[in-house]
$ cat start.pdb   # PDB, C-alpha atoms and all ligand atoms
ATOM      1  CA  MET M   1      -9.289  20.944  45.456
ATOM      2  CA  THR M   2      -8.920  19.013  42.215
ATOM      3  CA  ILE M   3     -11.992  18.404  40.138
ATOM      4  CA  HIS M   4     -11.609  15.482  37.777
ATOM      5  CA  THR M   5     -13.840  15.821  34.766
ATOM      6  CA  ASP M   6     -14.107  13.080  32.186
ATOM      7  CA  THR M   7     -13.918  14.955  28.924
ATOM      8  CA  ARG M   8     -13.862  11.861  26.732
ATOM      9  CA  PRO M   9     -16.629  11.545  24.138
ATOM     10  CA  THR M  10     -19.300   9.008  25.053
ATOM     11  CA  LEU M  11     -19.931   6.002  22.880
ATOM     12  CA  ASN M  12     -23.532   4.947  23.443
ATOM     13  CA  LEU M  13     -23.884   1.270  22.706
ATOM     14  CA  ILE M  14     -26.566  -1.415  22.650
ATOM     15  CA  ARG M  15     -25.703  -5.073  22.912
ATOM     16  CA  LEU M  16     -27.817  -7.114  20.523
ATOM     17  CA  ALA M  17     -29.348 -10.462  21.526
ATOM     18  CA  HIS M  18     -26.387 -12.433  20.177
ATOM     19  CA  GLY M  19     -23.949 -10.076  21.920
ATOM     20  CA  GLN M  20     -25.518 -10.235  25.382
ATOM     21  CA  SER M  21     -22.941 -12.330  27.218
ATOM     22  CA  LEU M  22     -19.914 -10.716  25.567
ATOM     23  CA  ASP M  23     -17.645  -8.150  27.184
ATOM     24  CA  LEU M  24     -18.205  -4.630  25.908
ATOM     25  CA  PRO M  25     -15.501  -3.217  23.638
ATOM     26  CA  ALA M  26     -12.721  -2.122  25.965
ATOM     27  CA  TYR M  27      -9.277  -0.578  26.060
ATOM     28  CA  GLU M  28      -6.981  -3.367  27.234
ATOM     29  CA  THR M  29      -4.402  -0.980  28.722
ATOM     30  CA  LYS M  30      -4.513   2.554  30.067
ATOM     31  CA  GLY M  31      -2.941   4.089  26.975
ATOM     32  CA  ALA M  32      -4.483   1.828  24.335
ATOM     33  CA  ALA M  33      -5.579   3.647  21.185
ATOM     34  CA  GLY M  34      -8.108   1.023  20.231
ATOM     35  CA  MET M  35     -10.801  -0.961  22.008
ATOM     36  CA  ASP M  36     -10.649  -4.633  21.228
ATOM     37  CA  LEU M  37     -13.711  -6.058  19.503
ATOM     38  CA  ARG M  38     -15.040  -9.530  20.212
ATOM     39  CA  ALA M  39     -16.539 -12.009  17.787
ATOM     40  CA  ALA M  40     -20.257 -12.530  18.406
ATOM     41  CA  VAL M  41     -20.369 -15.942  16.786
ATOM     42  CA  GLU M  42     -22.713 -18.507  18.327
ATOM     43  CA  GLU M  43     -21.632 -20.201  21.548
ATOM     44  CA  GLY M  44     -20.006 -23.519  20.699
ATOM     45  CA  ALA M  45     -19.792 -22.687  16.998
ATOM     46  CA  THR M  46     -16.608 -22.126  15.049
ATOM     47  CA  LEU M  47     -16.304 -19.729  12.151
ATOM     48  CA  THR M  48     -13.411 -20.967  10.054
ATOM     49  CA  ILE M  49     -11.764 -18.715   7.484
ATOM     50  CA  ALA M  50      -9.906 -20.767   4.904
ATOM     51  CA  PRO M  51      -6.632 -19.430   3.472
ATOM     52  CA  GLY M  52      -7.347 -16.657   0.970
ATOM     53  CA  LYS M  53     -10.996 -16.373   2.079
ATOM     54  CA  ARG M  54     -12.816 -13.627   3.960
ATOM     55  CA  ALA M  55     -15.654 -13.379   6.476
ATOM     56  CA  LEU M  56     -17.855 -10.625   7.857
ATOM     57  CA  VAL M  57     -17.727 -11.210  11.596
ATOM     58  CA  PRO M  58     -20.516  -9.820  13.813
ATOM     59  CA  THR M  59     -19.617  -7.935  16.997
ATOM     60  CA  GLY M  60     -23.068  -8.127  18.596
ATOM     61  CA  PHE M  61     -23.519  -4.395  19.167
ATOM     62  CA  ILE M  62     -24.784  -1.229  17.559
ATOM     63  CA  MET M  63     -23.660   2.206  18.651
ATOM     64  CA  GLU M  64     -23.995   5.960  18.401
ATOM     65  CA  ILE M  65     -20.691   7.589  17.563
ATOM     66  CA  PRO M  66     -20.773  11.236  18.639
ATOM     67  CA  GLU M  67     -21.048  13.688  15.761
ATOM     68  CA  GLY M  68     -17.617  14.809  14.542
ATOM     69  CA  PHE M  69     -16.081  11.396  15.202
ATOM     70  CA  GLU M  70     -15.712   8.130  13.312
ATOM     71  CA  ALA M  71     -14.710   4.645  14.350
ATOM     72  CA  GLN M  72     -11.867   2.949  12.522
ATOM     73  CA  ILE M  73     -11.811  -0.832  12.548
ATOM     74  CA  ARG M  74      -8.239  -1.997  12.437
ATOM     75  CA  PRO M  75      -6.451  -5.347  12.517
ATOM     76  CA  ARG M  76      -4.699  -6.686  15.600
ATOM     77  CA  SER M  77      -0.983  -7.073  14.938
ATOM     78  CA  GLY M  78      -0.768 -10.353  16.852
ATOM     79  CA  LEU M  79      -3.336 -12.050  14.619
ATOM     80  CA  ALA M  80      -1.679 -10.565  11.546
ATOM     81  CA  PHE M  81       1.795 -11.700  12.579
ATOM     82  CA  LYS M  82       0.899 -15.156  13.873
ATOM     83  CA  HIS M  83      -1.909 -16.125  11.508
ATOM     84  CA  GLY M  84      -2.005 -13.685   8.568
ATOM     85  CA  ILE M  85      -5.418 -12.450   9.708
ATOM     86  CA  THR M  86      -6.159  -8.842   8.841
ATOM     87  CA  CYS M  87      -9.055  -6.544   7.996
ATOM     88  CA  LEU M  88      -9.629  -6.534   4.254
ATOM     89  CA  ASN M  89     -10.880  -2.937   4.230
ATOM     90  CA  THR M  90      -8.503  -1.606   6.839
ATOM     91  CA  PRO M  91      -9.074   0.827   8.314
ATOM     92  CA  GLY M  92     -12.777   0.084   8.195
ATOM     93  CA  THR M  93     -14.841   3.235   8.463
ATOM     94  CA  VAL M  94     -17.870   3.384  10.745
ATOM     95  CA  ASP M  95     -19.833   6.561  10.096
ATOM     96  CA  SER M  96     -21.321   8.472  13.001
ATOM     97  CA  ASP M  97     -24.807   8.050  11.521
ATOM     98  CA  TYR M  98     -24.524   4.262  11.133
ATOM     99  CA  ARG M  99     -27.024   2.399  13.282
ATOM    100  CA  GLY M 100     -26.450  -1.141  12.078
ATOM    101  CA  GLU M 101     -24.423  -3.832  13.778
ATOM    102  CA  VAL M 102     -20.693  -3.177  13.719
ATOM    103  CA  LYS M 103     -19.016  -5.911  11.690
ATOM    104  CA  VAL M 104     -15.418  -6.814  11.045
ATOM    105  CA  LEU M 105     -14.341  -7.878   7.555
ATOM    106  CA  LEU M 106     -11.502 -10.300   8.116
ATOM    107  CA  ILE M 107      -9.357 -11.985   5.488
ATOM    108  CA  ASN M 108      -7.021 -14.882   5.996
ATOM    109  CA  LEU M 109      -3.738 -14.173   4.226
ATOM    110  CA  GLY M 110      -2.061 -17.042   6.062
ATOM    111  CA  GLU M 111      -1.512 -20.615   4.915
ATOM    112  CA  GLU M 112      -3.687 -22.331   7.523
ATOM    113  CA  PRO M 113      -7.438 -22.180   8.169
ATOM    114  CA  PHE M 114      -8.203 -19.789  11.038
ATOM    115  CA  ASP M 115     -10.866 -20.641  13.621
ATOM    116  CA  ILE M 116     -12.928 -17.917  15.276
ATOM    117  CA  THR M 117     -14.939 -18.720  18.371
ATOM    118  CA  ARG M 118     -17.255 -16.653  20.537
ATOM    119  CA  GLY M 119     -15.578 -13.799  22.419
ATOM    120  CA  MET M 120     -12.311 -13.956  20.508
ATOM    121  CA  ARG M 121     -10.739 -10.510  20.163
ATOM    122  CA  ILE M 122     -10.606 -10.190  16.393
ATOM    123  CA  ALA M 123      -9.909  -6.496  15.721
ATOM    124  CA  GLN M 124      -9.702  -3.116  17.397
ATOM    125  CA  MET M 125     -11.737   0.046  17.096
ATOM    126  CA  VAL M 126     -10.221   3.515  17.231
ATOM    127  CA  ILE M 127     -12.495   6.512  17.813
ATOM    128  CA  ALA M 128     -11.090   9.466  15.912
ATOM    129  CA  PRO M 129     -12.175  13.011  15.077
ATOM    130  CA  VAL M 130     -13.109  13.662  11.471
ATOM    131  CA  THR M 131     -13.501  16.844   9.495
ATOM    132  CA  GLN M 132     -16.053  17.176   6.758
ATOM    133  CA  ALA M 133     -14.908  19.575   4.056
ATOM    134  CA  ARG M 134     -17.069  21.542   1.706
ATOM    135  CA  VAL M 135     -16.297  21.159  -1.980
ATOM    136  CA  ALA M 136     -15.724  24.196  -4.168
ATOM    137  CA  GLU M 137     -15.036  23.729  -7.871
ATOM    138  CA  ILE M 138     -12.304  26.037  -9.239
ATOM    139  CA  ALA M 139     -10.632  26.651 -12.633
ATOM    140  CA  GLU M 140      -6.949  26.230 -11.653
ATOM    141  CA  VAL M 141      -5.002  24.915  -8.701
ATOM    142  CA  SER M 142      -2.106  26.880  -7.171
ATOM    143  CA  GLU M 143       1.505  26.172  -8.165
ATOM    144  CA  THR M 144       3.756  24.209  -5.826
ATOM    145  CA  THR M 145       7.316  22.835  -5.936
ATOM    146  CA  ARG M 146       5.954  19.277  -5.975
ATOM    147  CA  GLY M 147       3.459  19.981  -8.685
ATOM    148  CA  ALA M 148       2.008  16.755 -10.043
ATOM    149  CA  GLY M 149       4.958  14.647  -8.870
ATOM    150  CA  GLY M 150       4.026  11.713  -6.691
ATOM    151  CA  PHE M 151       4.234   7.959  -6.366
ATOM    152  CA  GLY M 152       7.982   7.921  -5.763
ATOM    153  CA  SER M 153       8.868  11.188  -7.537
ATOM    154  CA  THR M 154      11.298  12.112  -4.721
ATOM    155  CA  GLY M 155      13.128   8.792  -4.976
ATOM    156  CA  VAL M 156      12.761   5.559  -3.084
TER     157      VAL M 156
HETATM  158  O1  LIG M 201     -15.346  -2.407   8.828
HETATM  159  C1  LIG M 201     -16.480  -1.904   8.722
HETATM  160  C2  LIG M 201     -16.780  -0.955   7.743
HETATM  161  C3  LIG M 201     -18.079  -0.458   7.677
HETATM  162  N1  LIG M 201     -19.023  -0.871   8.553
HETATM  163  C4  LIG M 201     -20.376  -0.299   8.510
HETATM  164  C5  LIG M 201     -20.393   1.061   9.186
HETATM  165  C6  LIG M 201     -20.298   2.037   8.062
HETATM  166  O2  LIG M 201     -20.880   3.268   8.420
HETATM  167  C7  LIG M 201     -21.055   1.300   6.970
HETATM  168  C8  LIG M 201     -20.659   1.692   5.595
HETATM  169  O3  LIG M 201     -19.294   1.514   5.420
HETATM  170  P1  LIG M 201     -18.538   2.095   4.128
HETATM  171  O4  LIG M 201     -18.957   3.488   3.875
HETATM  172  O5  LIG M 201     -17.084   1.802   4.306
HETATM  173  O6  LIG M 201     -19.053   1.087   3.011
HETATM  174  P2  LIG M 201     -19.773   1.389   1.633
HETATM  175  O7  LIG M 201     -19.430   0.257   0.760
HETATM  176  O8  LIG M 201     -19.477   2.778   1.147
HETATM  177  O9  LIG M 201     -21.286   1.230   2.065
HETATM  178  P3  LIG M 201     -22.413   2.366   2.147
HETATM  179  O10 LIG M 201     -22.867   2.546   0.747
HETATM  180  O11 LIG M 201     -23.455   1.767   3.040
HETATM  181  O12 LIG M 201     -21.796   3.605   2.733
HETATM  182  O13 LIG M 201     -20.760  -0.086   7.174
HETATM  183  C9  LIG M 201     -18.723  -1.794   9.544
HETATM  184  O14 LIG M 201     -19.554  -2.174  10.362
HETATM  185  N2  LIG M 201     -17.462  -2.287   9.591
HETATM  186 MG    MG M 202     -19.922   4.542   2.270
END

$ encode --input "start.pdb" --output "structure tokens" --more "lines below"
Ligand SMILES: O=c1ccn([C@H]2C[C@H](O)[C@@H](COP(=O)(O)OP(=O)(O)OP(=O)(O)O)O2)c(=O)[nH]1
Ligand SMILES: [Mg+2]
Amino acid sequence: MTIHTDTRPTLNLIRLAHGQSLDLPAYETKGAAGMDLRAAVEEGATLTIAPGKRALVPTGFIMEIPEGFEAQIRPRSGLAFKHGITCLNTPGTVDSDYRGEVKVLLINLGEEPFDITRGMRIAQMVIAPVTQARVAEIAEVSETTRGAGGFGSTGV
């Protein structure tokens, strides 16, 4: 007998009033890393991002990320490639103790204005484990071959 147990962490989520009719964040394919996020702009309204401008786009939900995890808000490559639309703060960090509405900070790096309408899939959200470190102040750091070399020190 095979017992199938779903070991995935649970993302508890509440749809806000302006998110009620929207699909929940979802993995579009079986192996998708991210759940696509939908724009919770008003029905019939258009949020236009002019070239070079940015907008904080509501998703219409709040959530409880399980402790030990974070959510990363990342751009969708199709929007980036076709329209120059990306997340300004990518990857956006949603802390597990955040209880506000999840929002997506988009910027238009393209040459044309970009129109966002209700339900448009504007970004994706990856749930990932995080480690919190403790900080210990010390007098000296250990020696390594790299030392302080960085920013191209090994060649381009
Ligand atoms: O793309 C994002 C990034 C952040 N947030 C929310 C969740 C996150 O937990 C909170 C704070 O984000 P962050 O720590 O990146 O911003 P901050 O400028 O440091 O703000 P704060 O002082 O509130 O931490 O804002 C989003 O909804 N979307
Ligand atoms: Mg912060």

$ resolve_selection --input "start.pdb" --expression "the PyMOL selection byres (((chain M and resi 21-23) around 12) and not hetatm)" --output "PyMOL selection string"
chain M and resi 14-20+24-28+35-43+58-61+117-121

$ write_last_selection --input "start.pdb" --atoms "C-alpha atoms" --output "PDB file, in the frame of the given file"
ATOM      1  CA  ILE M  14     -26.566  -1.415  22.650  1.00  0.00           C
ATOM      2  CA  ARG M  15     -25.703  -5.073  22.912  1.00  0.00           C
ATOM      3  CA  LEU M  16     -27.817  -7.114  20.523  1.00  0.00           C
ATOM      4  CA  ALA M  17     -29.348 -10.462  21.526  1.00  0.00           C
ATOM      5  CA  HIS M  18     -26.387 -12.433  20.177  1.00  0.00           C
ATOM      6  CA  GLY M  19     -23.949 -10.076  21.920  1.00  0.00           C
ATOM      7  CA  GLN M  20     -25.518 -10.235  25.382  1.00  0.00           C
ATOM      8  CA  LEU M  24     -18.205  -4.630  25.908  1.00  0.00           C
ATOM      9  CA  PRO M  25     -15.501  -3.217  23.638  1.00  0.00           C
ATOM     10  CA  ALA M  26     -12.721  -2.122  25.965  1.00  0.00           C
ATOM     11  CA  TYR M  27      -9.277  -0.578  26.060  1.00  0.00           C
ATOM     12  CA  GLU M  28      -6.981  -3.367  27.234  1.00  0.00           C
ATOM     13  CA  MET M  35     -10.801  -0.961  22.008  1.00  0.00           C
ATOM     14  CA  ASP M  36     -10.649  -4.633  21.228  1.00  0.00           C
ATOM     15  CA  LEU M  37     -13.711  -6.058  19.503  1.00  0.00           C
ATOM     16  CA  ARG M  38     -15.040  -9.530  20.212  1.00  0.00           C
ATOM     17  CA  ALA M  39     -16.539 -12.009  17.787  1.00  0.00           C
ATOM     18  CA  ALA M  40     -20.257 -12.530  18.406  1.00  0.00           C
ATOM     19  CA  VAL M  41     -20.369 -15.942  16.786  1.00  0.00           C
ATOM     20  CA  GLU M  42     -22.713 -18.507  18.327  1.00  0.00           C
ATOM     21  CA  GLU M  43     -21.632 -20.201  21.548  1.00  0.00           C
ATOM     22  CA  PRO M  58     -20.516  -9.820  13.813  1.00  0.00           C
ATOM     23  CA  THR M  59     -19.617  -7.935  16.997  1.00  0.00           C
ATOM     24  CA  GLY M  60     -23.068  -8.127  18.596  1.00  0.00           C
ATOM     25  CA  PHE M  61     -23.519  -4.395  19.167  1.00  0.00           C
ATOM     26  CA  THR M 117     -14.939 -18.720  18.371  1.00  0.00           C
ATOM     27  CA  ARG M 118     -17.255 -16.653  20.537  1.00  0.00           C
ATOM     28  CA  GLY M 119     -15.578 -13.799  22.419  1.00  0.00           C
ATOM     29  CA  MET M 120     -12.311 -13.956  20.508  1.00  0.00           C
ATOM     30  CA  ARG M 121     -10.739 -10.510  20.163  1.00  0.00           C
TER      31      ARG M 121
END

$ residues_near_ligand --input "start.pdb" --ligand "ligand MG 202 (chain M)" --cutoff "9 Å" --atoms "only C-alpha atoms and all ligand atoms" --output "VMD selection string"
chain M and resid 93 to 95

$ atom_distance --input "start.pdb" --atom1 "atom O4 of ligand LIG 201 (chain M)" --atom2 "atom CA of Gly84 of chain M"
24.6 Å

$ closest_residue --input "start.pdb" --among "M:Ile116, M:Leu11, M:Ala33, M:Ala80" --to "Thr46 of chain M" --atoms "all atoms listed in the file"
M:Ile116

$ resolve_selection --input "start.pdb" --expression "the PyMOL selection byres (((chain M and resi 48-55) around 10) and not hetatm)" --output "PyMOL selection string"
chain M and resi 45-47+56-58+83-88+103-117

$ atom_distance --input "start.pdb" --atom1 "atom O10 of ligand LIG 201 (chain M)" --atom2 "atom CA of Thr10 of chain M"
25.4 Å

$ atom_distance --input "start.pdb" --atom1 "atom CA of Pro91 of chain M" --atom2 "atom CA of Met125 of chain M"
9.2 Å

$ axis_aligned_box --input "start.pdb" --around "segment 55-58 of chain M" --padding-each-side "8 Å" --output "AutoDock Vina command-line options"
--center_x -18.1 --center_y -11.6 --center_z 10.1 --size_x 20.9 --size_y 19.6 --size_z 23.3

$ closest_residue --input "start.pdb" --among "M:Glu101, M:Glu67, M:Glu143, M:Glu137" --to "ligand LIG 201 (chain M)" --atoms "only C-alpha atoms and all ligand atoms"
M:Glu101

$ closest_residue --input "start.pdb" --among "M:Tyr98, M:Phe69, M:Phe81, M:Phe151" --to "ligand LIG 201 (chain M)" --atoms "all atoms listed in the file"
M:Tyr98

$ decode --input "start.pdb" --residues "segment 100-114 of chain M" --atoms "all heavy atoms" --output "PDB file, in the first residue's frame"
ATOM      1  N   GLY M 100       0.555  42.314   5.653  1.00  0.00           N
ATOM      2  CA  GLY M 100      -0.096  43.284   4.770  1.00  0.00           C
ATOM      3  C   GLY M 100      -0.393  42.656   3.413  1.00  0.00           C
ATOM      4  O   GLY M 100      -0.049  41.492   3.158  1.00  0.00           O
ATOM      5  N   GLU M 101      -1.008  43.425   2.565  1.00  0.00           N
ATOM      6  CA  GLU M 101      -1.292  42.933   1.208  1.00  0.00           C
ATOM      7  C   GLU M 101       0.023  42.742   0.441  1.00  0.00           C
ATOM      8  O   GLU M 101       0.916  43.594   0.510  1.00  0.00           O
ATOM      9  CB  GLU M 101      -2.182  43.938   0.465  1.00  0.00           C
ATOM     10  CG  GLU M 101      -2.509  43.492  -0.947  1.00  0.00           C
ATOM     11  CD  GLU M 101      -3.436  44.471  -1.670  1.00  0.00           C
ATOM     12  OE1 GLU M 101      -3.690  45.576  -1.153  1.00  0.00           O
ATOM     13  OE2 GLU M 101      -3.903  44.097  -2.766  1.00  0.00           O
ATOM     14  N   VAL M 102       0.132  41.651  -0.258  1.00  0.00           N
ATOM     15  CA  VAL M 102       1.296  41.426  -1.111  1.00  0.00           C
ATOM     16  C   VAL M 102       1.174  42.355  -2.317  1.00  0.00           C
ATOM     17  O   VAL M 102       0.118  42.429  -2.948  1.00  0.00           O
ATOM     18  CB  VAL M 102       1.385  39.952  -1.560  1.00  0.00           C
ATOM     19  CG1 VAL M 102       2.526  39.761  -2.553  1.00  0.00           C
ATOM     20  CG2 VAL M 102       1.544  39.045  -0.352  1.00  0.00           C
ATOM     21  N   LYS M 103       2.243  43.079  -2.604  1.00  0.00           N
ATOM     22  CA  LYS M 103       2.225  44.012  -3.730  1.00  0.00           C
ATOM     23  C   LYS M 103       3.430  43.762  -4.623  1.00  0.00           C
ATOM     24  O   LYS M 103       4.451  43.236  -4.177  1.00  0.00           O
ATOM     25  CB  LYS M 103       2.207  45.453  -3.227  1.00  0.00           C
ATOM     26  CG  LYS M 103       0.900  45.760  -2.511  1.00  0.00           C
ATOM     27  CD  LYS M 103       0.744  47.204  -2.156  1.00  0.00           C
ATOM     28  CE  LYS M 103      -0.634  47.416  -1.513  1.00  0.00           C
ATOM     29  NZ  LYS M 103      -0.753  48.690  -0.857  1.00  0.00           N
ATOM     30  N   VAL M 104       3.284  44.143  -5.856  1.00  0.00           N
ATOM     31  CA  VAL M 104       4.333  43.891  -6.847  1.00  0.00           C
ATOM     32  C   VAL M 104       4.809  45.243  -7.386  1.00  0.00           C
ATOM     33  O   VAL M 104       4.009  46.012  -7.927  1.00  0.00           O
ATOM     34  CB  VAL M 104       3.797  43.009  -7.996  1.00  0.00           C
ATOM     35  CG1 VAL M 104       4.877  42.790  -9.041  1.00  0.00           C
ATOM     36  CG2 VAL M 104       3.287  41.673  -7.447  1.00  0.00           C
ATOM     37  N   LEU M 105       6.093  45.514  -7.212  1.00  0.00           N
ATOM     38  CA  LEU M 105       6.654  46.794  -7.664  1.00  0.00           C
ATOM     39  C   LEU M 105       7.206  46.624  -9.079  1.00  0.00           C
ATOM     40  O   LEU M 105       8.305  46.109  -9.273  1.00  0.00           O
ATOM     41  CB  LEU M 105       7.758  47.224  -6.686  1.00  0.00           C
ATOM     42  CG  LEU M 105       8.447  48.555  -6.941  1.00  0.00           C
ATOM     43  CD1 LEU M 105       7.459  49.694  -7.138  1.00  0.00           C
ATOM     44  CD2 LEU M 105       9.403  48.866  -5.796  1.00  0.00           C
ATOM     45  N   LEU M 106       6.398  47.045 -10.033  1.00  0.00           N
ATOM     46  CA  LEU M 106       6.795  46.887 -11.434  1.00  0.00           C
ATOM     47  C   LEU M 106       7.418  48.167 -11.963  1.00  0.00           C
ATOM     48  O   LEU M 106       7.049  49.277 -11.557  1.00  0.00           O
ATOM     49  CB  LEU M 106       5.573  46.541 -12.295  1.00  0.00           C
ATOM     50  CG  LEU M 106       4.929  45.178 -12.073  1.00  0.00           C
ATOM     51  CD1 LEU M 106       3.734  45.008 -13.017  1.00  0.00           C
ATOM     52  CD2 LEU M 106       5.929  44.037 -12.263  1.00  0.00           C
ATOM     53  N   ILE M 107       8.352  48.007 -12.886  1.00  0.00           N
ATOM     54  CA  ILE M 107       8.901  49.167 -13.605  1.00  0.00           C
ATOM     55  C   ILE M 107       8.889  48.857 -15.091  1.00  0.00           C
ATOM     56  O   ILE M 107       9.101  47.702 -15.501  1.00  0.00           O
ATOM     57  CB  ILE M 107      10.328  49.530 -13.112  1.00  0.00           C
ATOM     58  CG1 ILE M 107      10.827  50.793 -13.834  1.00  0.00           C
ATOM     59  CG2 ILE M 107      11.316  48.385 -13.265  1.00  0.00           C
ATOM     60  CD1 ILE M 107      11.958  51.526 -13.144  1.00  0.00           C
ATOM     61  N   ASN M 108       8.600  49.883 -15.852  1.00  0.00           N
ATOM     62  CA  ASN M 108       8.541  49.734 -17.301  1.00  0.00           C
ATOM     63  C   ASN M 108       9.863  50.222 -17.910  1.00  0.00           C
ATOM     64  O   ASN M 108      10.099  51.426 -18.010  1.00  0.00           O
ATOM     65  CB  ASN M 108       7.357  50.541 -17.851  1.00  0.00           C
ATOM     66  CG  ASN M 108       7.197  50.378 -19.342  1.00  0.00           C
ATOM     67  OD1 ASN M 108       8.013  49.727 -19.999  1.00  0.00           O
ATOM     68  ND2 ASN M 108       6.140  50.957 -19.882  1.00  0.00           N
ATOM     69  N   LEU M 109      10.692  49.277 -18.294  1.00  0.00           N
ATOM     70  CA  LEU M 109      11.969  49.622 -18.928  1.00  0.00           C
ATOM     71  C   LEU M 109      11.845  49.585 -20.454  1.00  0.00           C
ATOM     72  O   LEU M 109      12.838  49.698 -21.165  1.00  0.00           O
ATOM     73  CB  LEU M 109      13.078  48.649 -18.462  1.00  0.00           C
ATOM     74  CG  LEU M 109      13.351  48.608 -16.959  1.00  0.00           C
ATOM     75  CD1 LEU M 109      14.461  47.610 -16.631  1.00  0.00           C
ATOM     76  CD2 LEU M 109      13.716  49.987 -16.430  1.00  0.00           C
ATOM     77  N   GLY M 110      10.628  49.409 -20.928  1.00  0.00           N
ATOM     78  CA  GLY M 110      10.390  49.382 -22.372  1.00  0.00           C
ATOM     79  C   GLY M 110      10.174  50.780 -22.924  1.00  0.00           C
ATOM     80  O   GLY M 110      10.277  51.785 -22.212  1.00  0.00           O
ATOM     81  N   GLU M 111       9.852  50.830 -24.215  1.00  0.00           N
ATOM     82  CA  GLU M 111       9.674  52.145 -24.869  1.00  0.00           C
ATOM     83  C   GLU M 111       8.219  52.546 -25.013  1.00  0.00           C
ATOM     84  O   GLU M 111       7.907  53.673 -25.390  1.00  0.00           O
ATOM     85  CB  GLU M 111      10.330  52.113 -26.260  1.00  0.00           C
ATOM     86  CG  GLU M 111      11.815  52.388 -26.212  1.00  0.00           C
ATOM     87  CD  GLU M 111      12.637  51.264 -26.805  1.00  0.00           C
ATOM     88  OE1 GLU M 111      12.280  50.780 -27.884  1.00  0.00           O
ATOM     89  OE2 GLU M 111      13.614  50.848 -26.144  1.00  0.00           O
ATOM     90  N   GLU M 112       7.310  51.594 -24.719  1.00  0.00           N
ATOM     91  CA  GLU M 112       5.880  51.863 -24.871  1.00  0.00           C
ATOM     92  C   GLU M 112       5.198  51.847 -23.504  1.00  0.00           C
ATOM     93  O   GLU M 112       5.638  51.129 -22.604  1.00  0.00           O
ATOM     94  CB  GLU M 112       5.223  50.760 -25.738  1.00  0.00           C
ATOM     95  CG  GLU M 112       5.847  50.580 -27.115  1.00  0.00           C
ATOM     96  CD  GLU M 112       5.636  51.787 -28.002  1.00  0.00           C
ATOM     97  OE1 GLU M 112       4.617  52.490 -27.818  1.00  0.00           O
ATOM     98  OE2 GLU M 112       6.514  52.064 -28.848  1.00  0.00           O
ATOM     99  N   PRO M 113       4.088  52.582 -23.364  1.00  0.00           N
ATOM    100  CA  PRO M 113       3.308  52.467 -22.127  1.00  0.00           C
ATOM    101  C   PRO M 113       2.788  51.033 -22.005  1.00  0.00           C
ATOM    102  O   PRO M 113       2.494  50.406 -23.026  1.00  0.00           O
ATOM    103  CB  PRO M 113       2.138  53.442 -22.353  1.00  0.00           C
ATOM    104  CG  PRO M 113       2.546  54.312 -23.487  1.00  0.00           C
ATOM    105  CD  PRO M 113       3.513  53.538 -24.320  1.00  0.00           C
ATOM    106  N   PHE M 114       2.694  50.537 -20.778  1.00  0.00           N
ATOM    107  CA  PHE M 114       2.223  49.164 -20.564  1.00  0.00           C
ATOM    108  C   PHE M 114       0.934  49.196 -19.746  1.00  0.00           C
ATOM    109  O   PHE M 114       0.867  49.795 -18.675  1.00  0.00           O
ATOM    110  CB  PHE M 114       3.299  48.349 -19.845  1.00  0.00           C
ATOM    111  CG  PHE M 114       2.913  46.909 -19.667  1.00  0.00           C
ATOM    112  CD1 PHE M 114       2.902  46.047 -20.751  1.00  0.00           C
ATOM    113  CD2 PHE M 114       2.544  46.427 -18.409  1.00  0.00           C
ATOM    114  CE1 PHE M 114       2.528  44.711 -20.593  1.00  0.00           C
ATOM    115  CE2 PHE M 114       2.173  45.096 -18.249  1.00  0.00           C
ATOM    116  CZ  PHE M 114       2.169  44.243 -19.336  1.00  0.00           C
TER     117      PHE M 114
END
